[in-house]
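Engineer: For reference, this is my_file_22.cif, and it has mmCIF, N, CA and C atoms.
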data_start
#
loop_
_atom_site.group_PDB
_atom_site.id
_atom_site.type_symbol
_atom_site.label_atom_id
_atom_site.label_comp_id
_atom_site.auth_asym_id
_atom_site.auth_seq_id
_atom_site.Cartn_x
_atom_site.Cartn_y
_atom_site.Cartn_z
ATOM 1 N N MET A 287 2.274 -16.951 22.206
ATOM 2 C CA MET A 287 2.228 -15.510 22.358
ATOM 3 C C MET A 287 2.832 -14.815 21.143
ATOM 4 N N GLY A 288 3.905 -15.376 20.600
ATOM 5 C CA GLY A 288 4.550 -14.793 19.428
ATOM 6 C C GLY A 288 3.635 -14.769 18.214
ATOM 7 N N ILE A 289 2.903 -15.869 18.010
ATOM 8 C CA ILE A 289 1.984 -15.933 16.870
ATOM 9 C C ILE A 289 0.863 -14.913 17.036
ATOM 10 N N ALA A 290 0.395 -14.731 18.257
ATOM 11 C CA ALA A 290 -0.660 -13.746 18.502
ATOM 12 C C ALA A 290 -0.169 -12.326 18.198
ATOM 13 N N LEU A 291 1.046 -12.012 18.603
ATOM 14 C CA LEU A 291 1.606 -10.684 18.310
ATOM 15 C C LEU A 291 1.839 -10.488 16.820
ATOM 16 N N GLU A 292 2.346 -11.528 16.150
ATOM 17 C CA GLU A 292 2.529 -11.447 14.707
ATOM 18 C C GLU A 292 1.194 -11.202 14.008
ATOM 19 N N SER A 293 0.180 -11.942 14.410
ATOM 20 C CA SER A 293 -1.150 -11.793 13.811
ATOM 21 C C SER A 293 -1.718 -10.406 14.063
ATOM 22 N N LEU A 294 -1.543 -9.896 15.264
ATOM 23 C CA LEU A 294 -2.042 -8.563 15.597
ATOM 24 C C LEU A 294 -1.350 -7.497 14.749
ATOM 25 N N LEU A 295 -0.052 -7.624 14.589
ATOM 26 C CA LEU A 295 0.702 -6.671 13.778
ATOM 27 C C LEU A 295 0.206 -6.667 12.336
ATOM 28 N N ILE A 296 0.045 -7.834 11.763
ATOM 29 C CA ILE A 296 -0.421 -7.943 10.384
ATOM 30 C C ILE A 296 -1.851 -7.438 10.249
ATOM 31 N N LEU A 297 -2.691 -7.753 11.224
ATOM 32 C CA LEU A 297 -4.078 -7.284 11.203
ATOM 33 C C LEU A 297 -4.150 -5.762 11.272
ATOM 34 N N LEU A 298 -3.344 -5.151 12.121
ATOM 35 C CA LEU A 298 -3.344 -3.689 12.232
ATOM 36 C C LEU A 298 -2.867 -3.031 10.945
ATOM 37 N N LEU A 299 -1.810 -3.553 10.356
ATOM 38 C CA LEU A 299 -1.322 -2.986 9.097
ATOM 39 C C LEU A 299 -2.337 -3.176 7.976
ATOM 40 N N SER A 300 -2.942 -4.337 7.923
ATOM 41 C CA SER A 300 -3.945 -4.605 6.889
ATOM 42 C C SER A 300 -5.169 -3.722 7.054
ATOM 43 N N SER A 301 -5.510 -3.386 8.283
ATOM 44 C CA SER A 301 -6.689 -2.550 8.510
ATOM 45 C C SER A 301 -6.504 -1.157 7.916
ATOM 46 N N VAL A 302 -5.261 -0.680 7.834
ATOM 47 C CA VAL A 302 -5.001 0.622 7.194
ATOM 48 C C VAL A 302 -5.398 0.550 5.720
ATOM 49 N N ALA A 303 -5.021 -0.516 5.043
ATOM 50 C CA ALA A 303 -5.372 -0.667 3.627
ATOM 51 C C ALA A 303 -6.876 -0.801 3.455
ATOM 52 N N PHE A 304 -7.530 -1.584 4.305
ATOM 53 C CA PHE A 304 -8.987 -1.736 4.200
ATOM 54 C C PHE A 304 -9.706 -0.421 4.488
ATOM 55 N N TYR A 305 -9.222 0.328 5.463
ATOM 56 C CA TYR A 305 -9.821 1.633 5.759
ATOM 57 C C TYR A 305 -9.666 2.573 4.573
ATOM 58 N N THR A 306 -8.512 2.539 3.947
ATOM 59 C CA THR A 306 -8.254 3.409 2.803
ATOM 60 C C THR A 306 -9.228 3.116 1.667
ATOM 61 N N VAL A 307 -9.441 1.851 1.366
ATOM 62 C CA VAL A 307 -10.383 1.481 0.305
ATOM 63 C C VAL A 307 -11.793 1.922 0.675
ATOM 64 N N ARG A 308 -12.163 1.755 1.916
ATOM 65 C CA ARG A 308 -13.483 2.178 2.376
ATOM 66 C C ARG A 308 -13.630 3.696 2.312
ATOM 67 N N ASP A 309 -12.531 4.403 2.485
ATOM 68 C CA ASP A 309 -12.516 5.864 2.546
ATOM 69 C C ASP A 309 -12.360 6.517 1.160
ATOM 70 N N LEU A 310 -12.169 5.722 0.128
ATOM 71 C CA LEU A 310 -11.915 6.266 -1.216
ATOM 72 C C LEU A 310 -12.943 7.292 -1.690
ATOM 73 N N PRO A 311 -14.244 7.046 -1.574
ATOM 74 C CA PRO A 311 -15.212 8.020 -2.097
ATOM 75 C C PRO A 311 -15.096 9.411 -1.470
ATOM 76 N N ARG A 312 -14.664 9.502 -0.245
ATOM 77 C CA ARG A 312 -14.556 10.784 0.446
ATOM 78 C C ARG A 312 -13.453 11.672 -0.134
ATOM 79 N N TRP A 313 -12.529 11.109 -0.846
ATOM 80 C CA TRP A 313 -11.377 11.851 -1.354
ATOM 81 C C TRP A 313 -11.696 12.698 -2.581
ATOM 82 N N GLY A 314 -12.838 12.490 -3.190
ATOM 83 C CA GLY A 314 -13.193 13.273 -4.362
ATOM 84 C C GLY A 314 -12.348 12.956 -5.577
ATOM 85 N N ILE A 315 -11.908 11.729 -5.679
ATOM 86 C CA ILE A 315 -11.099 11.277 -6.810
ATOM 87 C C ILE A 315 -12.033 10.608 -7.811
ATOM 88 N N SER A 316 -11.737 10.779 -9.095
ATOM 89 C CA SER A 316 -12.550 10.150 -10.132
ATOM 90 C C SER A 316 -12.517 8.628 -9.982
ATOM 91 N N ARG A 317 -13.477 7.965 -10.620
ATOM 92 C CA ARG A 317 -13.548 6.498 -10.545
ATOM 93 C C ARG A 317 -12.267 5.873 -11.108
ATOM 94 N N SER A 318 -11.785 6.405 -12.225
ATOM 95 C CA SER A 318 -10.547 5.846 -12.793
ATOM 96 C C SER A 318 -9.361 6.134 -11.864
ATOM 97 N N GLY A 319 -9.382 7.289 -11.198
ATOM 98 C CA GLY A 319 -8.324 7.607 -10.244
ATOM 99 C C GLY A 319 -8.364 6.690 -9.035
ATOM 100 N N GLN A 320 -9.570 6.331 -8.605
ATOM 101 C CA GLN A 320 -9.700 5.396 -7.481
ATOM 102 C C GLN A 320 -9.098 4.047 -7.842
ATOM 103 N N TRP A 321 -9.399 3.561 -9.043
ATOM 104 C CA TRP A 321 -8.843 2.276 -9.470
ATOM 105 C C TRP A 321 -7.329 2.363 -9.629
ATOM 106 N N ARG A 322 -6.848 3.510 -10.093
ATOM 107 C CA ARG A 322 -5.402 3.706 -10.212
ATOM 108 C C ARG A 322 -4.739 3.649 -8.842
ATOM 109 N N ALA A 323 -5.363 4.277 -7.852
ATOM 110 C CA ALA A 323 -4.830 4.247 -6.487
ATOM 111 C C ALA A 323 -4.812 2.819 -5.941
ATOM 112 N N VAL A 324 -5.865 2.054 -6.227
ATOM 113 C CA VAL A 324 -5.918 0.658 -5.765
ATOM 114 C C VAL A 324 -4.812 -0.160 -6.431
ATOM 115 N N ARG A 325 -4.603 0.063 -7.737
ATOM 116 C CA ARG A 325 -3.534 -0.667 -8.442
ATOM 117 C C ARG A 325 -2.159 -0.304 -7.885
ATOM 118 N N ILE A 326 -1.948 0.966 -7.599
ATOM 119 C CA ILE A 326 -0.663 1.386 -7.030
ATOM 120 C C ILE A 326 -0.451 0.738 -5.660
ATOM 121 N N GLY A 327 -1.497 0.729 -4.838
ATOM 122 C CA GLY A 327 -1.397 0.100 -3.518
ATOM 123 C C GLY A 327 -1.111 -1.385 -3.607
ATOM 124 N N ALA A 328 -1.794 -2.071 -4.527
ATOM 125 C CA ALA A 328 -1.568 -3.511 -4.692
ATOM 126 C C ALA A 328 -0.166 -3.770 -5.233
ATOM 127 N N GLY A 329 0.283 -2.945 -6.154
ATOM 128 C CA GLY A 329 1.641 -3.094 -6.687
ATOM 129 C C GLY A 329 2.697 -2.877 -5.626
ATOM 130 N N THR A 330 2.460 -1.908 -4.759
ATOM 131 C CA THR A 330 3.399 -1.657 -3.664
ATOM 132 C C THR A 330 3.446 -2.850 -2.718
ATOM 133 N N ALA A 331 2.280 -3.410 -2.415
ATOM 134 C CA ALA A 331 2.227 -4.589 -1.541
ATOM 135 C C ALA A 331 2.992 -5.754 -2.158
ATOM 136 N N LEU A 332 2.802 -5.977 -3.452
ATOM 137 C CA LEU A 332 3.528 -7.060 -4.128
ATOM 138 C C LEU A 332 5.029 -6.791 -4.161
ATOM 139 N N GLY A 333 5.393 -5.536 -4.370
ATOM 140 C CA GLY A 333 6.811 -5.181 -4.364
ATOM 141 C C GLY A 333 7.468 -5.428 -3.016
ATOM 142 N N PHE A 334 6.770 -5.039 -1.948
ATOM 143 C CA PHE A 334 7.296 -5.279 -0.602
ATOM 144 C C PHE A 334 7.416 -6.782 -0.336
ATOM 145 N N ALA A 335 6.413 -7.562 -0.777
ATOM 146 C CA ALA A 335 6.451 -9.017 -0.569
ATOM 147 C C ALA A 335 7.605 -9.640 -1.346
ATOM 148 N N ALA A 336 7.837 -9.177 -2.564
ATOM 149 C CA ALA A 336 8.960 -9.694 -3.355
ATOM 150 C C ALA A 336 10.289 -9.354 -2.681
ATOM 151 N N LEU A 337 10.394 -8.142 -2.168
ATOM 152 C CA LEU A 337 11.606 -7.752 -1.448
ATOM 153 C C LEU A 337 11.807 -8.642 -0.217
ATOM 154 N N ALA A 338 10.734 -8.928 0.501
ATOM 155 C CA ALA A 338 10.826 -9.788 1.682
ATOM 156 C C ALA A 338 11.278 -11.196 1.293
ATOM 157 N N ALA A 339 10.782 -11.694 0.161
ATOM 158 C CA ALA A 339 11.187 -13.028 -0.289
ATOM 159 C C ALA A 339 12.679 -13.066 -0.610
ATOM 160 N N VAL A 340 13.187 -12.007 -1.230
ATOM 161 C CA VAL A 340 14.621 -11.938 -1.539
ATOM 162 C C VAL A 340 15.440 -11.865 -0.250
ATOM 163 N N VAL A 341 14.981 -11.060 0.694
ATOM 164 C CA VAL A 341 15.686 -10.957 1.981
ATOM 165 C C VAL A 341 15.695 -12.317 2.677
ATOM 166 N N TRP A 342 14.553 -13.002 2.664
ATOM 167 C CA TRP A 342 14.473 -14.318 3.290
ATOM 168 C C TRP A 342 15.434 -15.294 2.614
ATOM 169 N N LEU A 343 15.519 -15.214 1.291
ATOM 170 C CA LEU A 343 16.432 -16.094 0.559
ATOM 171 C C LEU A 343 17.883 -15.814 0.941
ATOM 172 N N ILE A 344 18.227 -14.550 1.078
ATOM 173 C CA ILE A 344 19.579 -14.187 1.508
ATOM 174 C C ILE A 344 19.848 -14.727 2.906
ATOM 175 N N TRP A 345 18.862 -14.595 3.790
ATOM 176 C CA TRP A 345 19.016 -15.123 5.148
ATOM 177 C C TRP A 345 19.129 -16.640 5.132
ATOM 178 N N LEU A 346 18.379 -17.285 4.248
ATOM 179 C CA LEU A 346 18.419 -18.742 4.156
ATOM 180 C C LEU A 346 19.805 -19.201 3.719
ATOM 181 N N ILE A 347 20.385 -18.514 2.767
ATOM 182 C CA ILE A 347 21.739 -18.843 2.302
ATOM 183 C C ILE A 347 22.744 -18.660 3.440
ATOM 184 N N GLY A 348 22.540 -17.646 4.262
ATOM 185 C CA GLY A 348 23.433 -17.399 5.395
ATOM 186 C C GLY A 348 23.061 -18.180 6.640
ATOM 187 N N HIS A 349 22.102 -19.104 6.522
ATOM 188 C CA HIS A 349 21.667 -19.969 7.625
ATOM 189 C C HIS A 349 21.044 -19.193 8.782
ATOM 190 N N HIS A 350 20.370 -18.084 8.472
ATOM 191 C CA HIS A 350 19.682 -17.314 9.502
ATOM 192 C C HIS A 350 18.248 -17.027 9.089
ATOM 193 N N ALA A 351 17.608 -17.962 8.452
ATOM 194 C CA ALA A 351 16.260 -17.746 7.920
ATOM 195 C C ALA A 351 15.233 -17.667 9.042
ATOM 196 N N PHE A 352 14.349 -16.693 8.932
ATOM 197 C CA PHE A 352 13.209 -16.576 9.828
ATOM 198 C C PHE A 352 12.009 -17.213 9.152
ATOM 199 N N LYS A 353 10.870 -17.159 9.821
ATOM 200 C CA LYS A 353 9.654 -17.736 9.270
ATOM 201 C C LYS A 353 9.229 -16.975 8.011
ATOM 202 N N LEU A 354 9.224 -17.664 6.882
ATOM 203 C CA LEU A 354 8.871 -17.038 5.608
ATOM 204 C C LEU A 354 7.435 -16.536 5.609
ATOM 205 N N SER A 355 6.503 -17.294 6.154
ATOM 206 C CA SER A 355 5.094 -16.888 6.123
ATOM 207 C C SER A 355 4.884 -15.561 6.842
ATOM 208 N N PHE A 356 5.521 -15.388 7.991
ATOM 209 C CA PHE A 356 5.376 -14.118 8.700
ATOM 210 C C PHE A 356 6.046 -12.987 7.938
ATOM 211 N N LEU A 357 7.243 -13.235 7.444
ATOM 212 C CA LEU A 357 7.973 -12.192 6.735
ATOM 213 C C LEU A 357 7.202 -11.710 5.509
ATOM 214 N N LEU A 358 6.659 -12.655 4.723
ATOM 215 C CA LEU A 358 5.889 -12.274 3.538
ATOM 216 C C LEU A 358 4.602 -11.546 3.899
ATOM 217 N N SER A 359 3.877 -12.045 4.881
ATOM 218 C CA SER A 359 2.609 -11.392 5.243
ATOM 219 C C SER A 359 2.858 -10.033 5.874
ATOM 220 N N PHE A 360 3.916 -9.897 6.659
ATOM 221 C CA PHE A 360 4.247 -8.601 7.237
ATOM 222 C C PHE A 360 4.615 -7.603 6.145
ATOM 223 N N ALA A 361 5.484 -8.022 5.231
ATOM 224 C CA ALA A 361 5.912 -7.120 4.159
ATOM 225 C C ALA A 361 4.752 -6.740 3.255
ATOM 226 N N ALA A 362 3.904 -7.692 2.919
ATOM 227 C CA ALA A 362 2.761 -7.391 2.048
ATOM 228 C C ALA A 362 1.781 -6.446 2.736
ATOM 229 N N SER A 363 1.501 -6.675 4.014
ATOM 230 C CA SER A 363 0.555 -5.789 4.708
ATOM 231 C C SER A 363 1.160 -4.405 4.920
ATOM 232 N N LEU A 364 2.460 -4.339 5.179
ATOM 233 C CA LEU A 364 3.129 -3.036 5.290
ATOM 234 C C LEU A 364 3.104 -2.315 3.948
ATOM 235 N N GLY A 365 3.392 -3.038 2.885
ATOM 236 C CA GLY A 365 3.340 -2.449 1.549
ATOM 237 C C GLY A 365 1.947 -1.983 1.179
ATOM 238 N N ALA A 366 0.935 -2.760 1.557
ATOM 239 C CA ALA A 366 -0.448 -2.359 1.280
ATOM 240 C C ALA A 366 -0.819 -1.103 2.055
ATOM 241 N N ALA A 367 -0.388 -1.021 3.308
ATOM 242 C CA ALA A 367 -0.688 0.163 4.119
ATOM 243 C C ALA A 367 -0.007 1.402 3.546
ATOM 244 N N VAL A 368 1.277 1.282 3.247
ATOM 245 C CA VAL A 368 2.029 2.416 2.704
ATOM 246 C C VAL A 368 1.521 2.775 1.309
ATOM 247 N N GLY A 369 1.372 1.771 0.470
ATOM 248 C CA GLY A 369 0.947 2.013 -0.911
ATOM 249 C C GLY A 369 -0.452 2.562 -1.032
ATOM 250 N N SER A 370 -1.362 2.064 -0.216
ATOM 251 C CA SER A 370 -2.747 2.528 -0.319
ATOM 252 C C SER A 370 -2.870 3.982 0.112
ATOM 253 N N ARG A 371 -2.226 4.338 1.205
ATOM 254 C CA ARG A 371 -2.301 5.738 1.654
ATOM 255 C C ARG A 371 -1.527 6.661 0.719
ATOM 256 N N GLY A 372 -0.330 6.269 0.345
ATOM 257 C CA GLY A 372 0.491 7.106 -0.533
ATOM 258 C C GLY A 372 -0.124 7.303 -1.904
ATOM 259 N N SER A 373 -0.755 6.254 -2.428
ATOM 260 C CA SER A 373 -1.345 6.363 -3.758
ATOM 261 C C SER A 373 -2.505 7.354 -3.774
ATOM 262 N N LEU A 374 -3.249 7.444 -2.671
ATOM 263 C CA LEU A 374 -4.341 8.418 -2.620
ATOM 264 C C LEU A 374 -3.821 9.837 -2.779
ATOM 265 N N TYR A 375 -2.769 10.151 -2.070
ATOM 266 C CA TYR A 375 -2.191 11.491 -2.165
ATOM 267 C C TYR A 375 -1.633 11.754 -3.567
ATOM 268 N N ALA A 376 -0.980 10.757 -4.144
ATOM 269 C CA ALA A 376 -0.397 10.922 -5.478
ATOM 270 C C ALA A 376 -1.483 11.122 -6.530
ATOM 271 N N VAL A 377 -2.518 10.306 -6.492
ATOM 272 C CA VAL A 377 -3.587 10.405 -7.480
ATOM 273 C C VAL A 377 -4.365 11.706 -7.294
ATOM 274 N N LYS A 378 -4.652 12.071 -6.064
ATOM 275 C CA LYS A 378 -5.376 13.319 -5.794
ATOM 276 C C LYS A 378 -4.571 14.516 -6.313
ATOM 277 N N ALA A 379 -3.284 14.559 -6.040
ATOM 278 C CA ALA A 379 -2.434 15.655 -6.512
ATOM 279 C C ALA A 379 -2.386 15.686 -8.036
ATOM 280 N N ASP A 380 -2.295 14.511 -8.662
ATOM 281 C CA ASP A 380 -2.260 14.429 -10.114
ATOM 282 C C ASP A 380 -3.557 14.957 -10.721
ATOM 283 N N GLU A 381 -4.694 14.585 -10.146
ATOM 284 C CA GLU A 381 -5.973 15.060 -10.663
ATOM 285 C C GLU A 381 -6.142 16.563 -10.442
ATOM 286 N N GLN A 382 -5.675 17.066 -9.315
ATOM 287 C CA GLN A 382 -5.765 18.502 -9.072
ATOM 288 C C GLN A 382 -4.867 19.275 -10.046
ATOM 289 N N LEU A 383 -3.700 18.748 -10.333
ATOM 290 C CA LEU A 383 -2.795 19.386 -11.294
ATOM 291 C C LEU A 383 -3.428 19.409 -12.686
ATOM 292 N N THR A 384 -4.007 18.300 -13.091
ATOM 293 C CA THR A 384 -4.660 18.236 -14.398
ATOM 294 C C THR A 384 -5.810 19.233 -14.475
ATOM 295 N N GLU A 385 -6.595 19.307 -13.409
ATOM 296 C CA GLU A 385 -7.715 20.263 -13.366
ATOM 297 C C GLU A 385 -7.215 21.705 -13.439
ATOM 298 N N ALA A 386 -6.139 21.992 -12.728
ATOM 299 C CA ALA A 386 -5.575 23.339 -12.753
ATOM 300 C C ALA A 386 -5.041 23.689 -14.146
ATOM 301 N N GLN A 387 -4.423 22.728 -14.799
ATOM 302 C CA GLN A 387 -3.912 22.950 -16.152
ATOM 303 C C GLN A 387 -5.057 23.190 -17.130
ATOM 304 N N GLU A 388 -6.137 22.423 -16.988
ATOM 305 C CA GLU A 388 -7.297 22.608 -17.857
ATOM 306 C C GLU A 388 -7.929 23.981 -17.622
ATOM 307 N N LEU A 389 -8.025 24.408 -16.381
ATOM 308 C CA LEU A 389 -8.564 25.740 -16.078
ATOM 309 C C LEU A 389 -7.668 26.838 -16.640
ATOM 310 N N ALA A 390 -6.361 26.656 -16.539
ATOM 311 C CA ALA A 390 -5.430 27.654 -17.076
ATOM 312 C C ALA A 390 -5.569 27.753 -18.590
ATOM 313 N N THR A 391 -5.761 26.610 -19.233
ATOM 314 C CA THR A 391 -5.961 26.601 -20.691
ATOM 315 C C THR A 391 -7.248 27.339 -21.052
ATOM 316 N N LEU A 392 -8.303 27.095 -20.303
ATOM 317 C CA LEU A 392 -9.577 27.785 -20.549
ATOM 318 C C LEU A 392 -9.441 29.287 -20.355
ATOM 319 N N LEU A 393 -8.701 29.694 -19.343
ATOM 320 C CA LEU A 393 -8.524 31.116 -19.073
ATOM 321 C C LEU A 393 -7.672 31.792 -20.145
ATOM 322 N N SER A 394 -6.781 31.041 -20.743
ATOM 323 C CA SER A 394 -5.935 31.607 -21.796
ATOM 324 C C SER A 394 -6.770 31.791 -23.021
#
Please re-express this file's structure in structure tokens.
Structural biologist:
Amino acid sequence: MGIALESLLILLLSSVAFYTVRDLPRWGISRSGQWRAVRIGAGTALGFAALAAVVWLIWLIGHHAFKLSFLLSFAASLGAAVGSRGSLYAVKADEQLTEAQELATLLS
């Protein structure tokens, strides 16, 4: 039962990242901005996984280690979910700011 719940949790978190990638064209972000958002999301996932590995190592030293495979997959899927959604907002805001600056320059 525990493995089923762990798998369900990871699957649900991962589905957020997959939905975000599928939803990219609707955001009106340039192609380079879309790739930037994907890189930010992947970097966030890797960062969360690295943090989980360090936490697991600390727990291992203290003789309280949990299952590394679950901890890494949970952290990576959480990082992918957070990073993929957050990167869309960041890239969209950045592109809108650049567009506004270009329009202001044209008006001047």
Engineer: Please provide as a list in words all residues within 8 Å of segment 319-332 of chain A, with the sequence filter that same-chain residues fewer than 4 positions apart are discarded (counting all atoms listed in the file).
Structural biologist: Val307, Leu310, Pro311, Gly314, Ile315, Ala336, Leu337, Ala338, Ala361, Ala362, Ser363, Leu364, Gly365, Ala366, Ala367, Val368, Gly369, Ser370, Arg371, Gly372, Ser373, Leu374, Tyr375, Ala376, Val377, Lys378 and Glu381 of chain A
Engineer: Using only C-alpha atoms, which of the listed residues (A:Ser355, A:Leu389, A:Arg317, A:Phe360) sits closest to Leu299 of chain A?
Structural biologist: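 Residue with the minimum atom-to-atom distance to Leu299 of chain A: A:Phe360.
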Engineer: Report as JSON the centre and the edge lengths, in Å to one decimal, of the axis-aligned box holding every listed atom of segment 366-372 of chain A, padded by 6 Å on each side.
Structural biologist:
{"center_x": -0.4, "center_y": 2.3, "center_z": 1.1, "size_x": 16.9, "size_y": 22.1, "size_z": 18.0}
Engineer: Can you tell me how far atom N of Val340 of chain A sits from atom CA of Leu297 of chain A, in Å to one decimal?
Structural biologist: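 Taking atom N of Val340 of chain A and atom CA of Leu297 of chain A, their separation equals 21.8 Å.
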Engineer: Could you rebuild segment 308-316 of chain A with all heavy atoms and give it back as a PDB file, keeping the file's coordinate frame?
Structural biologist:
ATOM      1  N   ARG A 308     -12.163   1.755   1.916  1.00  0.00           N
ATOM      2  CA  ARG A 308     -13.483   2.178   2.376  1.00  0.00           C
ATOM      3  C   ARG A 308     -13.630   3.696   2.312  1.00  0.00           C
ATOM      4  O   ARG A 308     -14.705   4.232   2.074  1.00  0.00           O
ATOM      5  CB  ARG A 308     -13.704   1.688   3.809  1.00  0.00           C
ATOM      6  CG  ARG A 308     -15.120   1.851   4.291  1.00  0.00           C
ATOM      7  CD  ARG A 308     -15.251   1.341   5.730  1.00  0.00           C
ATOM      8  NE  ARG A 308     -16.136   2.190   6.479  1.00  0.00           N
ATOM      9  CZ  ARG A 308     -15.814   3.336   7.074  1.00  0.00           C
ATOM     10  NH1 ARG A 308     -14.593   3.792   7.019  1.00  0.00           N
ATOM     11  NH2 ARG A 308     -16.700   4.045   7.732  1.00  0.00           N
ATOM     12  N   ASP A 309     -12.531   4.403   2.485  1.00  0.00           N
ATOM     13  CA  ASP A 309     -12.516   5.864   2.546  1.00  0.00           C
ATOM     14  C   ASP A 309     -12.360   6.517   1.160  1.00  0.00           C
ATOM     15  O   ASP A 309     -12.425   7.734   1.047  1.00  0.00           O
ATOM     16  CB  ASP A 309     -11.359   6.287   3.463  1.00  0.00           C
ATOM     17  CG  ASP A 309     -11.438   7.719   3.911  1.00  0.00           C
ATOM     18  OD1 ASP A 309     -12.553   8.187   4.189  1.00  0.00           O
ATOM     19  OD2 ASP A 309     -10.377   8.370   3.985  1.00  0.00           O
ATOM     20  N   LEU A 310     -12.169   5.722   0.128  1.00  0.00           N
ATOM     21  CA  LEU A 310     -11.915   6.266  -1.216  1.00  0.00           C
ATOM     22  C   LEU A 310     -12.943   7.292  -1.690  1.00  0.00           C
ATOM     23  O   LEU A 310     -12.552   8.348  -2.197  1.00  0.00           O
ATOM     24  CB  LEU A 310     -11.840   5.125  -2.237  1.00  0.00           C
ATOM     25  CG  LEU A 310     -10.471   4.551  -2.516  1.00  0.00           C
ATOM     26  CD1 LEU A 310     -10.587   3.346  -3.442  1.00  0.00           C
ATOM     27  CD2 LEU A 310      -9.530   5.561  -3.100  1.00  0.00           C
ATOM     28  N   PRO A 311     -14.244   7.046  -1.574  1.00  0.00           N
ATOM     29  CA  PRO A 311     -15.212   8.020  -2.097  1.00  0.00           C
ATOM     30  C   PRO A 311     -15.096   9.411  -1.470  1.00  0.00           C
ATOM     31  O   PRO A 311     -15.394  10.412  -2.115  1.00  0.00           O
ATOM     32  CB  PRO A 311     -16.566   7.392  -1.772  1.00  0.00           C
ATOM     33  CG  PRO A 311     -16.297   5.937  -1.645  1.00  0.00           C
ATOM     34  CD  PRO A 311     -14.903   5.840  -1.091  1.00  0.00           C
ATOM     35  N   ARG A 312     -14.664   9.502  -0.245  1.00  0.00           N
ATOM     36  CA  ARG A 312     -14.556  10.784   0.446  1.00  0.00           C
ATOM     37  C   ARG A 312     -13.453  11.672  -0.134  1.00  0.00           C
ATOM     38  O   ARG A 312     -13.461  12.886   0.042  1.00  0.00           O
ATOM     39  CB  ARG A 312     -14.299  10.532   1.936  1.00  0.00           C
ATOM     40  CG  ARG A 312     -14.329  11.773   2.796  1.00  0.00           C
ATOM     41  CD  ARG A 312     -13.987  11.468   4.236  1.00  0.00           C
ATOM     42  NE  ARG A 312     -12.619  11.048   4.430  1.00  0.00           N
ATOM     43  CZ  ARG A 312     -11.553  11.877   4.470  1.00  0.00           C
ATOM     44  NH1 ARG A 312     -11.704  13.154   4.284  1.00  0.00           N
ATOM     45  NH2 ARG A 312     -10.339  11.400   4.675  1.00  0.00           N
ATOM     46  N   TRP A 313     -12.529  11.109  -0.846  1.00  0.00           N
ATOM     47  CA  TRP A 313     -11.377  11.851  -1.354  1.00  0.00           C
ATOM     48  C   TRP A 313     -11.696  12.698  -2.581  1.00  0.00           C
ATOM     49  O   TRP A 313     -10.887  13.507  -2.999  1.00  0.00           O
ATOM     50  CB  TRP A 313     -10.238  10.885  -1.662  1.00  0.00           C
ATOM     51  CG  TRP A 313      -9.484  10.514  -0.441  1.00  0.00           C
ATOM     52  CD1 TRP A 313      -9.889   9.660   0.540  1.00  0.00           C
ATOM     53  CD2 TRP A 313      -8.213  10.994  -0.042  1.00  0.00           C
ATOM     54  NE1 TRP A 313      -8.941   9.577   1.522  1.00  0.00           N
ATOM     55  CE2 TRP A 313      -7.900  10.393   1.191  1.00  0.00           C
ATOM     56  CE3 TRP A 313      -7.305  11.872  -0.608  1.00  0.00           C
ATOM     57  CZ2 TRP A 313      -6.725  10.644   1.860  1.00  0.00           C
ATOM     58  CZ3 TRP A 313      -6.118  12.114   0.065  1.00  0.00           C
ATOM     59  CH2 TRP A 313      -5.852  11.502   1.286  1.00  0.00           C
ATOM     60  N   GLY A 314     -12.838  12.490  -3.190  1.00  0.00           N
ATOM     61  CA  GLY A 314     -13.193  13.273  -4.362  1.00  0.00           C
ATOM     62  C   GLY A 314     -12.348  12.956  -5.577  1.00  0.00           C
ATOM     63  O   GLY A 314     -12.110  13.820  -6.418  1.00  0.00           O
ATOM     64  N   ILE A 315     -11.908  11.729  -5.679  1.00  0.00           N
ATOM     65  CA  ILE A 315     -11.099  11.277  -6.810  1.00  0.00           C
ATOM     66  C   ILE A 315     -12.033  10.608  -7.811  1.00  0.00           C
ATOM     67  O   ILE A 315     -12.986   9.940  -7.425  1.00  0.00           O
ATOM     68  CB  ILE A 315     -10.010  10.289  -6.342  1.00  0.00           C
ATOM     69  CG1 ILE A 315      -9.062  10.961  -5.343  1.00  0.00           C
ATOM     70  CG2 ILE A 315      -9.226   9.721  -7.504  1.00  0.00           C
ATOM     71  CD1 ILE A 315      -8.071  10.008  -4.708  1.00  0.00           C
ATOM     72  N   SER A 316     -11.737  10.779  -9.095  1.00  0.00           N
ATOM     73  CA  SER A 316     -12.550  10.150 -10.132  1.00  0.00           C
ATOM     74  C   SER A 316     -12.517   8.628  -9.982  1.00  0.00           C
ATOM     75  O   SER A 316     -11.633   8.066  -9.331  1.00  0.00           O
ATOM     76  CB  SER A 316     -12.027  10.539 -11.515  1.00  0.00           C
ATOM     77  OG  SER A 316     -10.749   9.955 -11.731  1.00  0.00           O
TER      78      SER A 316
END
